[in-house]
2 protein chains.
Amino acid sequence: MDTKLEAFQDYYPDDYAHCYGCGRLNEHGMQIKSYWDGDESVCHVKPRDHYTGGMKHILYGGLIASLIDCHAAGTAAAAKAREEGIQLAPGAMPRFVTASLKVDYVAPTPVGVEVELRGKVLEIKGRKVTIGVDLLAEGKVCAKGQALMIQIKETV
Amino acid sequence: MDTKLEAFQDYYPDDYAHCYGCGRLNEHGMQIKSYWDGDESVCHVKPRDHYTGGMKHILYGGLIASLIDCHAAGTAAAAKAREEGIQLAPGAMPRFVTASLKVDYVAPTPVGVEVELRGKVLEIKGRKVTIGVDLLAEGKVCAKGQALMIQIKETV
């Protein structure tokens, strides 16, 4: 029984569900799950212990960029679906790719704790959607990201 | 016998060698290696097969950001060492953290092939070093990155 089909990523078409960060069909990946929380999107994830930065107690910056990218892609897709009134069902989610990603690392992120990603839709302009994402750990913003996402034309 | 101590990352102090992307002491990580090639820095790496993007044949964008970040950090450290005339030996490499990272994804990157990272030192201003990195696959630039790296004060 698929009673848990409710995260943005659960509605991606199968051929788009292989992402290491957020693809439900990537058995080696992180399979992050993003949801609406009012006008913002939210994702909670506890990174694996080996995702350390140079120093053992700091989370890997590349992973932080990865999480922000994936959560932004999911938020862009969900925002576009909402704007177009698409009835969400498995496979019905629009697909987006990242055109550009910017991350500002404002404080060290600790390892061994759950991090929270909070996304905001900054602009929807046709196939281009801009998303802002904050990454928080222990209630503190540790990184701020912005991503320009482009909808793939052959989307259902 | 440590006859292969020659990549930038081989000179990082032990307490800074745990990075998932480039730390020689992270047994789960990618352990990328960066070198000078004239005025540019270069790194070759073949990502693991499971680092796919949404679609199976495209490399994960988060991994691309990760590789650019790590290669930029290594290049910043090596550039600073060169500027200061530091004699490279194990542990003698300055340590840097990422302040900001920007990646433009200009073309899909294929999976299953070796990628090349080419770094350029754009500016050295005290403890701040700005690095530009191109990521190429099959001879084509697929992503362009820029990173602002900050030297950690307690560096040897």
# chains A, B, ... in the order shown; residues from 1 in each chain; ligands from 1
call {"tool": "closest_atom_pairs", "arguments": {"of": "chain A", "to": "chain B", "cutoff": "6 Å", "atoms": "only C-alpha atoms", "output": "JSON lines"}}
result
{"residue": "A:Asp15", "atom": "CA", "partner": "B:Met55", "partner_atom": "CA", "distance": 5.8}
{"residue": "A:Tyr16", "atom": "CA", "partner": "B:Gly54", "partner_atom": "CA", "distance": 4.3}
{"residue": "A:Ala17", "atom": "CA", "partner": "B:Gly54", "partner_atom": "CA", "distance": 5.3}
{"residue": "A:His18", "atom": "CA", "partner": "B:Gly54", "partner_atom": "CA", "distance": 4.7}
{"residue": "A:Cys19", "atom": "CA", "partner": "B:Gly53", "partner_atom": "CA", "distance": 4.1}
{"residue": "A:Tyr20", "atom": "CA", "partner": "B:Tyr51", "partner_atom": "CA", "distance": 5.4}
{"residue": "A:Tyr51", "atom": "CA", "partner": "B:Tyr20", "partner_atom": "CA", "distance": 5.4}
{"residue": "A:Thr52", "atom": "CA", "partner": "B:Cys19", "partner_atom": "CA", "distance": 5.3}
{"residue": "A:Gly53", "atom": "CA", "partner": "B:Cys19", "partner_atom": "CA", "distance": 4.1}
{"residue": "A:Gly54", "atom": "CA", "partner": "B:Cys19", "partner_atom": "CA", "distance": 4.1}
{"residue": "A:Met55", "atom": "CA", "partner": "B:Tyr16", "partner_atom": "CA", "distance": 4.8}
{"residue": "A:Lys56", "atom": "CA", "partner": "B:His18", "partner_atom": "CA", "distance": 5.9}
{"residue": "A:Gly62", "atom": "CA", "partner": "B:Ser66", "partner_atom": "CA", "distance": 4.0}
{"residue": "A:Ser66", "atom": "CA", "partner": "B:Gly62", "partner_atom": "CA", "distance": 4.0}
{"residue": "A:Ala99", "atom": "CA", "partner": "B:Tyr105", "partner_atom": "CA", "distance": 5.2}
{"residue": "A:Ser100", "atom": "CA", "partner": "B:Asp104", "partner_atom": "CA", "distance": 4.3}
{"residue": "A:Leu101", "atom": "CA", "partner": "B:Val103", "partner_atom": "CA", "distance": 5.2}
{"residue": "A:Lys102", "atom": "CA", "partner": "B:Lys102", "partner_atom": "CA", "distance": 4.3}
{"residue": "A:Val103", "atom": "CA", "partner": "B:Leu101", "partner_atom": "CA", "distance": 5.2}
{"residue": "A:Asp104", "atom": "CA", "partner": "B:Ser100", "partner_atom": "CA", "distance": 4.3}
{"residue": "A:Tyr105", "atom": "CA", "partner": "B:Ala99", "partner_atom": "CA", "distance": 5.2}
call {"tool": "residues_around", "arguments": {"residues": "stretch 138-140 of chain A", "least_positions_apart": "4", "cutoff": "12 Å", "atoms": "only C-alpha atoms", "output": "compact mmCIF listing (two decimals) with C-alpha atoms, in the first residue's frame"}}
result
# COMPACT_ATOMS: atom_id res chain seq x y z
CA HIS A 44 14.12 17.32 7.50
CA LYS A 46 19.87 13.62 9.19
CA VAL A 106 27.14 31.64 7.14
CA ALA A 107 28.04 29.35 10.05
CA PRO A 108 29.57 25.90 10.51
CA THR A 109 26.92 23.15 10.38
CA PRO A 110 27.38 20.43 13.00
CA VAL A 111 27.38 16.74 12.06
CA GLY A 112 25.25 14.11 13.80
CA VAL A 113 22.11 16.23 13.97
CA GLU A 114 19.01 16.61 11.84
CA VAL A 115 19.05 19.63 9.57
CA GLU A 116 16.02 21.56 8.38
CA LEU A 117 15.64 23.03 4.92
CA ARG A 118 13.12 25.82 4.45
CA ASP A 134 17.76 28.28 4.27
CA LYS A 144 21.53 30.34 2.69
call {"tool": "select_by_dssp", "arguments": {"residues": "chain A", "states": "strand (DSSP E)", "output": "ChimeraX atom specification"}}
result
/A:34-37,40-45,96-105,115-125,128-137,140-151
call {"tool": "select_by_dssp", "arguments": {"residues": "stretch 41-156 of chain A", "states": "helix (DSSP H, G or I)", "output": "NGL selection string"}}
result
:A and (61-83)
call {"tool": "decode", "arguments": {"residues": "stretch 9-105 of chain A", "atoms": "C-alpha atoms", "output": "short mmCIF file (atom, residue, chain, number, x, y, z; two decimals), in the first residue's frame"}}
result
data_model
loop_
_atom_site.label_atom_id
_atom_site.label_comp_id
_atom_site.auth_asym_id
_atom_site.auth_seq_id
_atom_site.Cartn_x
_atom_site.Cartn_y
_atom_site.Cartn_z
CA GLN A 9 9.45 13.72 -4.72
CA ASP A 10 6.89 10.92 -4.51
CA TYR A 11 5.05 12.45 -7.46
CA TYR A 12 8.07 12.66 -9.79
CA PRO A 13 7.78 10.52 -12.94
CA ASP A 14 9.81 7.30 -12.68
CA ASP A 15 12.35 8.44 -15.30
CA TYR A 16 13.11 11.44 -13.14
CA ALA A 17 13.30 9.60 -9.79
CA HIS A 18 16.98 8.56 -9.89
CA CYS A 19 18.57 11.58 -8.23
CA TYR A 20 21.19 10.73 -5.60
CA GLY A 21 19.78 13.44 -3.37
CA CYS A 22 16.02 13.08 -3.76
CA GLY A 23 15.18 10.20 -6.10
CA ARG A 24 12.96 7.55 -4.54
CA LEU A 25 14.39 5.00 -7.02
CA ASN A 26 18.06 5.65 -6.15
CA GLU A 27 18.75 2.94 -3.59
CA HIS A 28 22.17 4.41 -2.74
CA GLY A 29 20.89 7.96 -2.39
CA MET A 30 19.54 10.13 0.40
CA GLN A 31 15.89 10.08 -0.73
CA ILE A 32 15.04 13.38 0.92
CA LYS A 33 11.36 14.30 1.23
CA SER A 34 9.97 17.82 0.91
CA TYR A 35 6.53 19.09 1.88
CA TRP A 36 4.56 22.32 2.00
CA ASP A 37 4.37 24.06 5.35
CA GLY A 38 2.07 26.98 4.56
CA ASP A 39 3.74 29.10 1.91
CA GLU A 40 7.14 27.62 2.68
CA SER A 41 8.48 24.18 1.88
CA VAL A 42 10.23 22.09 4.47
CA CYS A 43 12.49 19.05 4.56
CA HIS A 44 14.12 17.32 7.50
CA VAL A 45 17.10 15.05 7.02
CA LYS A 46 19.87 13.62 9.19
CA PRO A 47 22.95 13.31 6.99
CA ARG A 48 25.02 10.16 7.20
CA ASP A 49 27.94 10.37 9.62
CA HIS A 50 30.61 10.16 6.93
CA TYR A 51 29.51 13.42 5.29
CA THR A 52 32.09 15.42 7.16
CA GLY A 53 33.89 18.53 5.99
CA GLY A 54 37.64 18.97 6.37
CA MET A 55 37.18 18.82 10.12
CA LYS A 56 35.34 15.89 11.67
CA HIS A 57 32.69 17.90 13.51
CA ILE A 58 31.58 20.03 10.56
CA LEU A 59 29.07 18.95 7.90
CA TYR A 60 30.39 18.63 4.34
CA GLY A 61 29.79 21.83 2.36
CA GLY A 62 29.16 19.86 -0.81
CA LEU A 63 26.36 18.00 0.93
CA ILE A 64 24.85 21.27 2.10
CA ALA A 65 24.84 22.50 -1.52
CA SER A 66 23.32 19.18 -2.61
CA LEU A 67 20.49 19.32 -0.09
CA ILE A 68 19.69 22.92 -0.98
CA ASP A 69 19.69 22.03 -4.69
CA CYS A 70 17.35 19.06 -4.29
CA HIS A 71 14.95 20.82 -1.96
CA ALA A 72 14.86 23.81 -4.32
CA ALA A 73 14.12 21.54 -7.31
CA GLY A 74 11.26 19.90 -5.45
CA THR A 75 9.88 23.24 -4.29
CA ALA A 76 10.05 24.66 -7.82
CA ALA A 77 8.15 21.67 -9.19
CA ALA A 78 5.52 21.79 -6.47
CA ALA A 79 5.09 25.55 -6.88
CA LYS A 80 4.63 25.18 -10.63
CA ALA A 81 2.15 22.36 -10.13
CA ARG A 82 0.22 24.48 -7.67
CA GLU A 83 0.21 27.49 -10.00
CA GLU A 84 -1.07 25.42 -12.90
CA GLY A 85 -3.64 23.60 -10.82
CA ILE A 86 -2.12 20.20 -11.58
CA GLN A 87 -3.79 17.42 -9.64
CA LEU A 88 -0.88 15.67 -7.95
CA ALA A 89 -0.68 11.96 -8.61
CA PRO A 90 2.30 9.63 -9.14
CA GLY A 91 4.16 10.83 -12.23
CA ALA A 92 2.25 14.09 -12.54
CA MET A 93 4.84 16.40 -10.97
CA PRO A 94 6.59 18.80 -13.40
CA ARG A 95 10.34 18.14 -13.78
CA PHE A 96 12.98 20.82 -13.27
CA VAL A 97 16.73 21.04 -13.75
CA THR A 98 19.09 23.44 -12.02
CA ALA A 99 20.39 26.33 -14.10
CA SER A 100 22.36 27.95 -11.29
CA LEU A 101 22.92 27.48 -7.61
CA LYS A 102 24.41 29.89 -5.08
CA VAL A 103 25.18 28.96 -1.51
CA ASP A 104 26.44 31.26 1.25
CA TYR A 105 27.90 29.37 4.19
#
